[in-house]
file input-v6.cif (mmCIF, N, CA and C atoms)
data_upload
loop_
_atom_site.group_PDB
_atom_site.id
_atom_site.type_symbol
_atom_site.label_atom_id
_atom_site.label_comp_id
_atom_site.auth_asym_id
_atom_site.auth_seq_id
_atom_site.Cartn_x
_atom_site.Cartn_y
_atom_site.Cartn_z
ATOM 1 N N MET A 171 3.025 -18.861 3.666
ATOM 2 C CA MET A 171 2.780 -17.572 3.068
ATOM 3 C C MET A 171 2.010 -16.714 4.069
ATOM 4 N N GLY A 172 2.387 -15.436 4.184
ATOM 5 C CA GLY A 172 1.772 -14.541 5.144
ATOM 6 C C GLY A 172 0.461 -13.957 4.661
ATOM 7 N N GLU A 173 -0.208 -13.318 5.567
ATOM 8 C CA GLU A 173 -1.457 -12.638 5.257
ATOM 9 C C GLU A 173 -1.169 -11.296 4.607
ATOM 10 N N LYS A 174 -2.127 -10.797 3.852
ATOM 11 C CA LYS A 174 -2.050 -9.473 3.240
ATOM 12 C C LYS A 174 -2.719 -8.483 4.195
ATOM 13 N N LEU A 175 -2.183 -7.268 4.238
ATOM 14 C CA LEU A 175 -2.695 -6.265 5.163
ATOM 15 C C LEU A 175 -2.766 -4.909 4.471
ATOM 16 N N VAL A 176 -3.935 -4.262 4.547
ATOM 17 C CA VAL A 176 -4.096 -2.890 4.073
ATOM 18 C C VAL A 176 -4.371 -2.039 5.303
ATOM 19 N N ILE A 177 -3.575 -0.998 5.482
ATOM 20 C CA ILE A 177 -3.741 -0.093 6.615
ATOM 21 C C ILE A 177 -4.238 1.234 6.067
ATOM 22 N N PHE A 178 -5.461 1.611 6.414
ATOM 23 C CA PHE A 178 -6.017 2.887 5.960
ATOM 24 C C PHE A 178 -5.676 3.981 6.960
ATOM 25 N N VAL A 179 -5.232 5.113 6.433
ATOM 26 C CA VAL A 179 -4.881 6.268 7.258
ATOM 27 C C VAL A 179 -5.674 7.477 6.772
ATOM 28 N N HIS A 180 -5.788 8.466 7.621
ATOM 29 C CA HIS A 180 -6.610 9.630 7.293
ATOM 30 C C HIS A 180 -5.856 10.740 6.560
ATOM 31 N N SER A 181 -4.546 10.636 6.467
ATOM 32 C CA SER A 181 -3.806 11.693 5.771
ATOM 33 C C SER A 181 -2.540 11.143 5.120
ATOM 34 N N LYS A 182 -2.082 11.858 4.103
ATOM 35 C CA LYS A 182 -0.847 11.468 3.419
ATOM 36 C C LYS A 182 0.351 11.524 4.360
ATOM 37 N N LEU A 183 0.386 12.524 5.210
ATOM 38 C CA LEU A 183 1.517 12.675 6.133
ATOM 39 C C LEU A 183 1.606 11.472 7.079
ATOM 40 N N VAL A 184 0.488 11.094 7.658
ATOM 41 C CA VAL A 184 0.467 9.937 8.560
ATOM 42 C C VAL A 184 0.855 8.672 7.792
ATOM 43 N N GLY A 185 0.316 8.515 6.593
ATOM 44 C CA GLY A 185 0.620 7.348 5.775
ATOM 45 C C GLY A 185 2.083 7.260 5.403
ATOM 46 N N ARG A 186 2.651 8.374 5.006
ATOM 47 C CA ARG A 186 4.067 8.406 4.635
ATOM 48 C C ARG A 186 4.937 8.036 5.831
ATOM 49 N N ASP A 187 4.614 8.598 6.979
ATOM 50 C CA ASP A 187 5.388 8.302 8.194
ATOM 51 C C ASP A 187 5.266 6.826 8.585
ATOM 52 N N LEU A 188 4.050 6.298 8.538
ATOM 53 C CA LEU A 188 3.824 4.911 8.913
ATOM 54 C C LEU A 188 4.532 3.958 7.953
ATOM 55 N N ALA A 189 4.404 4.206 6.660
ATOM 56 C CA ALA A 189 5.076 3.355 5.676
ATOM 57 C C ALA A 189 6.593 3.407 5.879
ATOM 58 N N GLY A 190 7.106 4.582 6.200
ATOM 59 C CA GLY A 190 8.542 4.718 6.465
ATOM 60 C C GLY A 190 8.983 3.920 7.678
ATOM 61 N N MET A 191 8.190 3.945 8.733
ATOM 62 C CA MET A 191 8.532 3.181 9.942
ATOM 63 C C MET A 191 8.508 1.678 9.665
ATOM 64 N N ILE A 192 7.535 1.233 8.883
ATOM 65 C CA ILE A 192 7.451 -0.192 8.542
ATOM 66 C C ILE A 192 8.651 -0.590 7.685
ATOM 67 N N ALA A 193 8.985 0.237 6.714
ATOM 68 C CA ALA A 193 10.116 -0.050 5.818
ATOM 69 C C ALA A 193 11.433 -0.110 6.594
ATOM 70 N N LYS A 194 11.576 0.744 7.609
ATOM 71 C CA LYS A 194 12.807 0.739 8.413
ATOM 72 C C LYS A 194 12.992 -0.578 9.157
ATOM 73 N N LYS A 195 11.912 -1.308 9.365
ATOM 74 C CA LYS A 195 11.981 -2.620 10.024
ATOM 75 C C LYS A 195 12.356 -3.715 9.022
ATOM 76 N N GLY A 196 12.555 -3.325 7.754
ATOM 77 C CA GLY A 196 12.924 -4.282 6.721
ATOM 78 C C GLY A 196 11.752 -5.026 6.110
ATOM 79 N N ILE A 197 10.557 -4.490 6.306
ATOM 80 C CA ILE A 197 9.344 -5.120 5.790
ATOM 81 C C ILE A 197 8.920 -4.394 4.513
ATOM 82 N N PRO A 198 8.728 -5.124 3.423
ATOM 83 C CA PRO A 198 8.271 -4.486 2.185
ATOM 84 C C PRO A 198 6.889 -3.864 2.369
ATOM 85 N N VAL A 199 6.766 -2.600 2.001
ATOM 86 C CA VAL A 199 5.511 -1.869 2.157
ATOM 87 C C VAL A 199 5.395 -0.866 1.020
ATOM 88 N N ALA A 200 4.171 -0.582 0.616
ATOM 89 C CA ALA A 200 3.931 0.445 -0.398
ATOM 90 C C ALA A 200 2.940 1.449 0.175
ATOM 91 N N PHE A 201 3.058 2.693 -0.282
ATOM 92 C CA PHE A 201 2.147 3.753 0.154
ATOM 93 C C PHE A 201 1.312 4.185 -1.043
ATOM 94 N N HIS A 202 0.010 4.002 -0.959
ATOM 95 C CA HIS A 202 -0.952 4.262 -2.038
ATOM 96 C C HIS A 202 -1.746 5.506 -1.677
ATOM 97 N N ASN A 203 -1.622 6.563 -2.488
ATOM 98 C CA ASN A 203 -2.378 7.794 -2.237
ATOM 99 C C ASN A 203 -2.550 8.563 -3.536
ATOM 100 N N ALA A 204 -3.344 9.610 -3.504
ATOM 101 C CA ALA A 204 -3.673 10.366 -4.710
ATOM 102 C C ALA A 204 -2.467 11.066 -5.341
ATOM 103 N N SER A 205 -1.418 11.301 -4.600
ATOM 104 C CA SER A 205 -0.239 11.967 -5.152
ATOM 105 C C SER A 205 0.636 11.017 -5.975
ATOM 106 N N VAL A 206 0.400 9.737 -5.837
ATOM 107 C CA VAL A 206 1.143 8.745 -6.609
ATOM 108 C C VAL A 206 0.498 8.672 -7.993
ATOM 109 N N SER A 207 1.307 8.604 -9.031
ATOM 110 C CA SER A 207 0.763 8.561 -10.389
ATOM 111 C C SER A 207 -0.169 7.369 -10.560
ATOM 112 N N TYR A 208 -1.090 7.517 -11.485
ATOM 113 C CA TYR A 208 -2.041 6.429 -11.755
ATOM 114 C C TYR A 208 -1.294 5.142 -12.088
ATOM 115 N N LYS A 209 -0.284 5.256 -12.929
ATOM 116 C CA LYS A 209 0.479 4.074 -13.346
ATOM 117 C C LYS A 209 1.140 3.390 -12.142
ATOM 118 N N LYS A 210 1.705 4.184 -11.234
ATOM 119 C CA LYS A 210 2.360 3.597 -10.064
ATOM 120 C C LYS A 210 1.322 2.993 -9.107
ATOM 121 N N ARG A 211 0.175 3.664 -8.941
ATOM 122 C CA ARG A 211 -0.877 3.089 -8.089
ATOM 123 C C ARG A 211 -1.333 1.746 -8.646
ATOM 124 N N GLN A 212 -1.463 1.678 -9.973
ATOM 125 C CA GLN A 212 -1.861 0.436 -10.613
ATOM 126 C C GLN A 212 -0.808 -0.647 -10.375
ATOM 127 N N MET A 213 0.461 -0.287 -10.450
ATOM 128 C CA MET A 213 1.538 -1.240 -10.210
ATOM 129 C C MET A 213 1.496 -1.748 -8.765
ATOM 130 N N ILE A 214 1.251 -0.837 -7.809
ATOM 131 C CA ILE A 214 1.151 -1.236 -6.398
ATOM 132 C C ILE A 214 0.021 -2.249 -6.226
ATOM 133 N N GLU A 215 -1.126 -1.956 -6.821
ATOM 134 C CA GLU A 215 -2.283 -2.845 -6.704
ATOM 135 C C GLU A 215 -1.996 -4.224 -7.307
ATOM 136 N N GLU A 216 -1.391 -4.245 -8.483
ATOM 137 C CA GLU A 216 -1.079 -5.519 -9.138
ATOM 138 C C GLU A 216 -0.040 -6.312 -8.338
ATOM 139 N N THR A 217 0.971 -5.621 -7.824
ATOM 140 C CA THR A 217 1.996 -6.284 -7.032
ATOM 141 C C THR A 217 1.404 -6.847 -5.752
ATOM 142 N N PHE A 218 0.541 -6.076 -5.103
ATOM 143 C CA PHE A 218 -0.112 -6.530 -3.875
ATOM 144 C C PHE A 218 -0.974 -7.758 -4.147
ATOM 145 N N ASN A 219 -1.648 -7.795 -5.299
ATOM 146 C CA ASN A 219 -2.511 -8.932 -5.651
ATOM 147 C C ASN A 219 -1.721 -10.192 -5.978
ATOM 148 N N ASP A 220 -0.456 -10.054 -6.332
ATOM 149 C CA ASP A 220 0.386 -11.209 -6.653
ATOM 150 C C ASP A 220 0.848 -11.848 -5.350
ATOM 151 N N GLN A 221 0.386 -13.057 -5.086
ATOM 152 C CA GLN A 221 0.688 -13.706 -3.812
ATOM 153 C C GLN A 221 2.164 -14.008 -3.626
ATOM 154 N N PHE A 222 2.946 -13.978 -4.694
ATOM 155 C CA PHE A 222 4.366 -14.302 -4.601
ATOM 156 C C PHE A 222 5.269 -13.066 -4.683
ATOM 157 N N SER A 223 4.695 -11.873 -4.699
ATOM 158 C CA SER A 223 5.479 -10.644 -4.902
ATOM 159 C C SER A 223 6.315 -10.246 -3.686
ATOM 160 N N GLY A 224 5.888 -10.667 -2.506
ATOM 161 C CA GLY A 224 6.577 -10.234 -1.291
ATOM 162 C C GLY A 224 5.992 -8.967 -0.696
ATOM 163 N N LEU A 225 5.139 -8.289 -1.448
ATOM 164 C CA LEU A 225 4.482 -7.084 -0.924
ATOM 165 C C LEU A 225 3.196 -7.513 -0.233
ATOM 166 N N ASP A 226 3.223 -7.519 1.099
ATOM 167 C CA ASP A 226 2.070 -7.959 1.873
ATOM 168 C C ASP A 226 1.410 -6.835 2.656
ATOM 169 N N ILE A 227 2.007 -5.630 2.621
ATOM 170 C CA ILE A 227 1.440 -4.501 3.359
ATOM 171 C C ILE A 227 1.338 -3.285 2.441
ATOM 172 N N VAL A 228 0.152 -2.698 2.414
ATOM 173 C CA VAL A 228 -0.069 -1.434 1.719
ATOM 174 C C VAL A 228 -0.668 -0.465 2.721
ATOM 175 N N VAL A 229 -0.049 0.680 2.842
ATOM 176 C CA VAL A 229 -0.604 1.781 3.634
ATOM 177 C C VAL A 229 -1.301 2.680 2.622
ATOM 178 N N ALA A 230 -2.554 3.054 2.902
ATOM 179 C CA ALA A 230 -3.322 3.780 1.900
ATOM 180 C C ALA A 230 -4.233 4.834 2.514
ATOM 181 N N THR A 231 -4.433 5.887 1.745
ATOM 182 C CA THR A 231 -5.466 6.864 2.088
ATOM 183 C C THR A 231 -6.768 6.367 1.462
ATOM 184 N N SER A 232 -7.798 7.151 1.557
ATOM 185 C CA SER A 232 -9.109 6.732 1.039
ATOM 186 C C SER A 232 -9.115 6.554 -0.475
ATOM 187 N N THR A 233 -8.081 6.993 -1.173
ATOM 188 C CA THR A 233 -7.988 6.797 -2.616
ATOM 189 C C THR A 233 -8.168 5.323 -2.969
ATOM 190 N N LEU A 234 -7.571 4.455 -2.198
ATOM 191 C CA LEU A 234 -7.677 3.024 -2.454
ATOM 192 C C LEU A 234 -9.088 2.517 -2.174
ATOM 193 N N ALA A 235 -9.721 3.030 -1.174
ATOM 194 C CA ALA A 235 -11.058 2.577 -0.807
ATOM 195 C C ALA A 235 -12.119 3.031 -1.797
ATOM 196 N N ALA A 236 -11.788 4.004 -2.613
ATOM 197 C CA ALA A 236 -12.773 4.600 -3.522
ATOM 198 C C ALA A 236 -12.973 3.802 -4.801
ATOM 199 N N GLY A 237 -13.091 2.481 -4.671
ATOM 200 C CA GLY A 237 -13.480 1.697 -5.810
ATOM 201 C C GLY A 237 -12.458 0.736 -6.373
ATOM 202 N N VAL A 238 -11.321 0.605 -5.766
ATOM 203 C CA VAL A 238 -10.322 -0.331 -6.268
ATOM 204 C C VAL A 238 -10.588 -1.689 -5.639
ATOM 205 N N ASN A 239 -10.620 -2.718 -6.470
ATOM 206 C CA ASN A 239 -10.866 -4.079 -5.974
ATOM 207 C C ASN A 239 -9.545 -4.812 -5.847
ATOM 208 N N ILE A 240 -9.081 -4.990 -4.615
ATOM 209 C CA ILE A 240 -7.824 -5.696 -4.359
ATOM 210 C C ILE A 240 -8.140 -7.089 -3.868
ATOM 211 N N GLY A 241 -7.490 -8.062 -4.492
ATOM 212 C CA GLY A 241 -7.533 -9.470 -4.236
ATOM 213 C C GLY A 241 -8.432 -9.950 -3.202
#

call {"tool": "encode", "arguments": {"input": "input-v6.cif", "output": "structure tokens"}}
result
Amino acid sequence: MGEKLVIFVHSKLVGRDLAGMIAKKGIPVAFHNASVSYKKRQMIEETFNDQFSGLDIVVATSTLAAGVNIG
């Protein structure tokens, strides 16, 4: 089983571009930011916490750092 990785970026534009580049390599990735609905952000967090989900990379703005406890 692989390691989990959270990549913090300073802007939504950079995050969107980075997540897109990772996805183009065929690697499952999610982008977590304030523009994503609360429900979807919660789903990303829960999926990331599930060791068997296949989601091992989350690209995030500071929204994630502002108090969310991930695995």

call {"tool": "atom_distance", "arguments": {"input": "input-v6.cif", "atom1": "CA of Ile197 in chain A", "atom2": "CA of Ser232 in chain A"}}
result
22.4 Å

call {"tool": "resolve_selection", "arguments": {"input": "input-v6.cif", "expression": "the PyMOL selection byres (((chain A and resi 230 and name CA) around 10) and name CA)", "output": "PyMOL selection string"}}
result
chain A and resi 176-182+184-186+189+200-204+227-229+231-235

call {"tool": "write_last_selection", "arguments": {"input": "input-v6.cif", "atoms": "N, CA and C atoms", "output": "PDB file, keeping the file's coordinate frame"}}
result
ATOM      1  N   VAL A 176      -3.935  -4.262   4.547  1.00  0.00           N
ATOM      2  CA  VAL A 176      -4.096  -2.890   4.073  1.00  0.00           C
ATOM      3  C   VAL A 176      -4.371  -2.039   5.303  1.00  0.00           C
ATOM      4  N   ILE A 177      -3.575  -0.998   5.482  1.00  0.00           N
ATOM      5  CA  ILE A 177      -3.741  -0.093   6.615  1.00  0.00           C
ATOM      6  C   ILE A 177      -4.238   1.234   6.067  1.00  0.00           C
ATOM      7  N   PHE A 178      -5.461   1.611   6.414  1.00  0.00           N
ATOM      8  CA  PHE A 178      -6.017   2.887   5.960  1.00  0.00           C
ATOM      9  C   PHE A 178      -5.676   3.981   6.960  1.00  0.00           C
ATOM     10  N   VAL A 179      -5.232   5.113   6.433  1.00  0.00           N
ATOM     11  CA  VAL A 179      -4.881   6.268   7.258  1.00  0.00           C
ATOM     12  C   VAL A 179      -5.674   7.477   6.772  1.00  0.00           C
ATOM     13  N   HIS A 180      -5.788   8.466   7.621  1.00  0.00           N
ATOM     14  CA  HIS A 180      -6.610   9.630   7.293  1.00  0.00           C
ATOM     15  C   HIS A 180      -5.856  10.740   6.560  1.00  0.00           C
ATOM     16  N   SER A 181      -4.546  10.636   6.467  1.00  0.00           N
ATOM     17  CA  SER A 181      -3.806  11.693   5.771  1.00  0.00           C
ATOM     18  C   SER A 181      -2.540  11.143   5.120  1.00  0.00           C
ATOM     19  N   LYS A 182      -2.082  11.858   4.103  1.00  0.00           N
ATOM     20  CA  LYS A 182      -0.847  11.468   3.419  1.00  0.00           C
ATOM     21  C   LYS A 182       0.351  11.524   4.360  1.00  0.00           C
ATOM     22  N   VAL A 184       0.488  11.094   7.658  1.00  0.00           N
ATOM     23  CA  VAL A 184       0.467   9.937   8.560  1.00  0.00           C
ATOM     24  C   VAL A 184       0.855   8.672   7.792  1.00  0.00           C
ATOM     25  N   GLY A 185       0.316   8.515   6.593  1.00  0.00           N
ATOM     26  CA  GLY A 185       0.620   7.348   5.775  1.00  0.00           C
ATOM     27  C   GLY A 185       2.083   7.260   5.403  1.00  0.00           C
ATOM     28  N   ARG A 186       2.651   8.374   5.006  1.00  0.00           N
ATOM     29  CA  ARG A 186       4.067   8.406   4.635  1.00  0.00           C
ATOM     30  C   ARG A 186       4.937   8.036   5.831  1.00  0.00           C
ATOM     31  N   ALA A 189       4.404   4.206   6.660  1.00  0.00           N
ATOM     32  CA  ALA A 189       5.076   3.355   5.676  1.00  0.00           C
ATOM     33  C   ALA A 189       6.593   3.407   5.879  1.00  0.00           C
ATOM     34  N   ALA A 200       4.171  -0.582   0.616  1.00  0.00           N
ATOM     35  CA  ALA A 200       3.931   0.445  -0.398  1.00  0.00           C
ATOM     36  C   ALA A 200       2.940   1.449   0.175  1.00  0.00           C
ATOM     37  N   PHE A 201       3.058   2.693  -0.282  1.00  0.00           N
ATOM     38  CA  PHE A 201       2.147   3.753   0.154  1.00  0.00           C
ATOM     39  C   PHE A 201       1.312   4.185  -1.043  1.00  0.00           C
ATOM     40  N   HIS A 202       0.010   4.002  -0.959  1.00  0.00           N
ATOM     41  CA  HIS A 202      -0.952   4.262  -2.038  1.00  0.00           C
ATOM     42  C   HIS A 202      -1.746   5.506  -1.677  1.00  0.00           C
ATOM     43  N   ASN A 203      -1.622   6.563  -2.488  1.00  0.00           N
ATOM     44  CA  ASN A 203      -2.378   7.794  -2.237  1.00  0.00           C
ATOM     45  C   ASN A 203      -2.550   8.563  -3.536  1.00  0.00           C
ATOM     46  N   ALA A 204      -3.344   9.610  -3.504  1.00  0.00           N
ATOM     47  CA  ALA A 204      -3.673  10.366  -4.710  1.00  0.00           C
ATOM     48  C   ALA A 204      -2.467  11.066  -5.341  1.00  0.00           C
ATOM     49  N   ILE A 227       2.007  -5.630   2.621  1.00  0.00           N
ATOM     50  CA  ILE A 227       1.440  -4.501   3.359  1.00  0.00           C
ATOM     51  C   ILE A 227       1.338  -3.285   2.441  1.00  0.00           C
ATOM     52  N   VAL A 228       0.152  -2.698   2.414  1.00  0.00           N
ATOM     53  CA  VAL A 228      -0.069  -1.434   1.719  1.00  0.00           C
ATOM     54  C   VAL A 228      -0.668  -0.465   2.721  1.00  0.00           C
ATOM     55  N   VAL A 229      -0.049   0.680   2.842  1.00  0.00           N
ATOM     56  CA  VAL A 229      -0.604   1.781   3.634  1.00  0.00           C
ATOM     57  C   VAL A 229      -1.301   2.680   2.622  1.00  0.00           C
ATOM     58  N   THR A 231      -4.433   5.887   1.745  1.00  0.00           N
ATOM     59  CA  THR A 231      -5.466   6.864   2.088  1.00  0.00           C
ATOM     60  C   THR A 231      -6.768   6.367   1.462  1.00  0.00           C
ATOM     61  N   SER A 232      -7.798   7.151   1.557  1.00  0.00           N
ATOM     62  CA  SER A 232      -9.109   6.732   1.039  1.00  0.00           C
ATOM     63  C   SER A 232      -9.115   6.554  -0.475  1.00  0.00           C
ATOM     64  N   THR A 233      -8.081   6.993  -1.173  1.00  0.00           N
ATOM     65  CA  THR A 233      -7.988   6.797  -2.616  1.00  0.00           C
ATOM     66  C   THR A 233      -8.168   5.323  -2.969  1.00  0.00           C
ATOM     67  N   LEU A 234      -7.571   4.455  -2.198  1.00  0.00           N
ATOM     68  CA  LEU A 234      -7.677   3.024  -2.454  1.00  0.00           C
ATOM     69  C   LEU A 234      -9.088   2.517  -2.174  1.00  0.00           C
ATOM     70  N   ALA A 235      -9.721   3.030  -1.174  1.00  0.00           N
ATOM     71  CA  ALA A 235     -11.058   2.577  -0.807  1.00  0.00           C
ATOM     72  C   ALA A 235     -12.119   3.031  -1.797  1.00  0.00           C
TER      73      ALA A 235
END

call {"tool": "atom_distance", "arguments": {"input": "input-v6.cif", "atom1": "atom C of Met213 in chain A", "atom2": "CA of Glu173 in chain A"}}
result
18.0 Å

call {"tool": "atom_distance", "arguments": {"input": "input-v6.cif", "atom1": "atom C of Met191 in chain A", "atom2": "atom N of Ile214 in chain A"}}
result
19.1 Å

call {"tool": "select_by_dssp", "arguments": {"input": "input-v6.cif", "residues": "chain A", "states": "helix (DSSP H, G or I)", "output": "ChimeraX atom specification"}}
result
/A:182-194,208-219,232-235

call {"tool": "write_last_selection", "arguments": {"input": "input-v6.cif", "atoms": "N, CA and C atoms", "output": "PDB file, keeping the file's coordinate frame"}}
result
ATOM      1  N   LYS A 182      -2.082  11.858   4.103  1.00  0.00           N
ATOM      2  CA  LYS A 182      -0.847  11.468   3.419  1.00  0.00           C
ATOM      3  C   LYS A 182       0.351  11.524   4.360  1.00  0.00           C
ATOM      4  N   LEU A 183       0.386  12.524   5.210  1.00  0.00           N
ATOM      5  CA  LEU A 183       1.517  12.675   6.133  1.00  0.00           C
ATOM      6  C   LEU A 183       1.606  11.472   7.079  1.00  0.00           C
ATOM      7  N   VAL A 184       0.488  11.094   7.658  1.00  0.00           N
ATOM      8  CA  VAL A 184       0.467   9.937   8.560  1.00  0.00           C
ATOM      9  C   VAL A 184       0.855   8.672   7.792  1.00  0.00           C
ATOM     10  N   GLY A 185       0.316   8.515   6.593  1.00  0.00           N
ATOM     11  CA  GLY A 185       0.620   7.348   5.775  1.00  0.00           C
ATOM     12  C   GLY A 185       2.083   7.260   5.403  1.00  0.00           C
ATOM     13  N   ARG A 186       2.651   8.374   5.006  1.00  0.00           N
ATOM     14  CA  ARG A 186       4.067   8.406   4.635  1.00  0.00           C
ATOM     15  C   ARG A 186       4.937   8.036   5.831  1.00  0.00           C
ATOM     16  N   ASP A 187       4.614   8.598   6.979  1.00  0.00           N
ATOM     17  CA  ASP A 187       5.388   8.302   8.194  1.00  0.00           C
ATOM     18  C   ASP A 187       5.266   6.826   8.585  1.00  0.00           C
ATOM     19  N   LEU A 188       4.050   6.298   8.538  1.00  0.00           N
ATOM     20  CA  LEU A 188       3.824   4.911   8.913  1.00  0.00           C
ATOM     21  C   LEU A 188       4.532   3.958   7.953  1.00  0.00           C
ATOM     22  N   ALA A 189       4.404   4.206   6.660  1.00  0.00           N
ATOM     23  CA  ALA A 189       5.076   3.355   5.676  1.00  0.00           C
ATOM     24  C   ALA A 189       6.593   3.407   5.879  1.00  0.00           C
ATOM     25  N   GLY A 190       7.106   4.582   6.200  1.00  0.00           N
ATOM     26  CA  GLY A 190       8.542   4.718   6.465  1.00  0.00           C
ATOM     27  C   GLY A 190       8.983   3.920   7.678  1.00  0.00           C
ATOM     28  N   MET A 191       8.190   3.945   8.733  1.00  0.00           N
ATOM     29  CA  MET A 191       8.532   3.181   9.942  1.00  0.00           C
ATOM     30  C   MET A 191       8.508   1.678   9.665  1.00  0.00           C
ATOM     31  N   ILE A 192       7.535   1.233   8.883  1.00  0.00           N
ATOM     32  CA  ILE A 192       7.451  -0.192   8.542  1.00  0.00           C
ATOM     33  C   ILE A 192       8.651  -0.590   7.685  1.00  0.00           C
ATOM     34  N   ALA A 193       8.985   0.237   6.714  1.00  0.00           N
ATOM     35  CA  ALA A 193      10.116  -0.050   5.818  1.00  0.00           C
ATOM     36  C   ALA A 193      11.433  -0.110   6.594  1.00  0.00           C
ATOM     37  N   LYS A 194      11.576   0.744   7.609  1.00  0.00           N
ATOM     38  CA  LYS A 194      12.807   0.739   8.413  1.00  0.00           C
ATOM     39  C   LYS A 194      12.992  -0.578   9.157  1.00  0.00           C
ATOM     40  N   TYR A 208      -1.090   7.517 -11.485  1.00  0.00           N
ATOM     41  CA  TYR A 208      -2.041   6.429 -11.755  1.00  0.00           C
ATOM     42  C   TYR A 208      -1.294   5.142 -12.088  1.00  0.00           C
ATOM     43  N   LYS A 209      -0.284   5.256 -12.929  1.00  0.00           N
ATOM     44  CA  LYS A 209       0.479   4.074 -13.346  1.00  0.00           C
ATOM     45  C   LYS A 209       1.140   3.390 -12.142  1.00  0.00           C
ATOM     46  N   LYS A 210       1.705   4.184 -11.234  1.00  0.00           N
ATOM     47  CA  LYS A 210       2.360   3.597 -10.064  1.00  0.00           C
ATOM     48  C   LYS A 210       1.322   2.993  -9.107  1.00  0.00           C
ATOM     49  N   ARG A 211       0.175   3.664  -8.941  1.00  0.00           N
ATOM     50  CA  ARG A 211      -0.877   3.089  -8.089  1.00  0.00           C
ATOM     51  C   ARG A 211      -1.333   1.746  -8.646  1.00  0.00           C
ATOM     52  N   GLN A 212      -1.463   1.678  -9.973  1.00  0.00           N
ATOM     53  CA  GLN A 212      -1.861   0.436 -10.613  1.00  0.00           C
ATOM     54  C   GLN A 212      -0.808  -0.647 -10.375  1.00  0.00           C
ATOM     55  N   MET A 213       0.461  -0.287 -10.450  1.00  0.00           N
ATOM     56  CA  MET A 213       1.538  -1.240 -10.210  1.00  0.00           C
ATOM     57  C   MET A 213       1.496  -1.748  -8.765  1.00  0.00           C
ATOM     58  N   ILE A 214       1.251  -0.837  -7.809  1.00  0.00           N
ATOM     59  CA  ILE A 214       1.151  -1.236  -6.398  1.00  0.00           C
ATOM     60  C   ILE A 214       0.021  -2.249  -6.226  1.00  0.00           C
ATOM     61  N   GLU A 215      -1.126  -1.956  -6.821  1.00  0.00           N
ATOM     62  CA  GLU A 215      -2.283  -2.845  -6.704  1.00  0.00           C
ATOM     63  C   GLU A 215      -1.996  -4.224  -7.307  1.00  0.00           C
ATOM     64  N   GLU A 216      -1.391  -4.245  -8.483  1.00  0.00           N
ATOM     65  CA  GLU A 216      -1.079  -5.519  -9.138  1.00  0.00           C
ATOM     66  C   GLU A 216      -0.040  -6.312  -8.338  1.00  0.00           C
ATOM     67  N   THR A 217       0.971  -5.621  -7.824  1.00  0.00           N
ATOM     68  CA  THR A 217       1.996  -6.284  -7.032  1.00  0.00           C
ATOM     69  C   THR A 217       1.404  -6.847  -5.752  1.00  0.00           C
ATOM     70  N   PHE A 218       0.541  -6.076  -5.103  1.00  0.00           N
ATOM     71  CA  PHE A 218      -0.112  -6.530  -3.875  1.00  0.00           C
ATOM     72  C   PHE A 218      -0.974  -7.758  -4.147  1.00  0.00           C
ATOM     73  N   ASN A 219      -1.648  -7.795  -5.299  1.00  0.00           N
ATOM     74  CA  ASN A 219      -2.511  -8.932  -5.651  1.00  0.00           C
ATOM     75  C   ASN A 219      -1.721 -10.192  -5.978  1.00  0.00           C
ATOM     76  N   SER A 232      -7.798   7.151   1.557  1.00  0.00           N
ATOM     77  CA  SER A 232      -9.109   6.732   1.039  1.00  0.00           C
ATOM     78  C   SER A 232      -9.115   6.554  -0.475  1.00  0.00           C
ATOM     79  N   THR A 233      -8.081   6.993  -1.173  1.00  0.00           N
ATOM     80  CA  THR A 233      -7.988   6.797  -2.616  1.00  0.00           C
ATOM     81  C   THR A 233      -8.168   5.323  -2.969  1.00  0.00           C
ATOM     82  N   LEU A 234      -7.571   4.455  -2.198  1.00  0.00           N
ATOM     83  CA  LEU A 234      -7.677   3.024  -2.454  1.00  0.00           C
ATOM     84  C   LEU A 234      -9.088   2.517  -2.174  1.00  0.00           C
ATOM     85  N   ALA A 235      -9.721   3.030  -1.174  1.00  0.00           N
ATOM     86  CA  ALA A 235     -11.058   2.577  -0.807  1.00  0.00           C
ATOM     87  C   ALA A 235     -12.119   3.031  -1.797  1.00  0.00           C
TER      88      ALA A 235
END

call {"tool": "select_by_dssp", "arguments": {"input": "input-v6.cif", "residues": "chain A", "states": "strand (DSSP E)", "output": "count of residues only"}}
result
12

call {"tool": "residues_around", "arguments": {"input": "input-v6.cif", "residues": "Leu225 in chain A", "least_positions_apart": "4", "cutoff": "6.5 Å", "atoms": "all atoms listed in the file", "output": "number ranges by chain"}}
result
A: 198-199, 217-218

call {"tool": "decode", "arguments": {"input": "input-v6.cif", "residues": "range 222-234 of chain A", "atoms": "C-alpha atoms", "output": "tab-separated table (two decimals), in the first residue's frame"}}
result
chain	number	residue	atom	x	y	z
A	222	PHE	CA	-8.40	1.14	0.40
A	223	SER	CA	-10.03	3.91	-1.68
A	224	GLY	CA	-7.16	4.36	-4.12
A	225	LEU	CA	-7.12	8.11	-3.52
A	226	ASP	CA	-3.62	8.74	-2.19
A	227	ILE	CA	-3.06	12.33	-3.37
A	228	VAL	CA	-5.00	15.46	-2.49
A	229	VAL	CA	-4.01	18.86	-3.83
A	230	ALA	CA	-5.39	21.52	-1.51
A	231	THR	CA	-5.48	25.21	-0.77
A	232	SER	CA	-5.36	26.45	2.81
A	233	THR	CA	-9.04	25.50	3.19
A	234	LEU	CA	-7.91	22.01	4.14
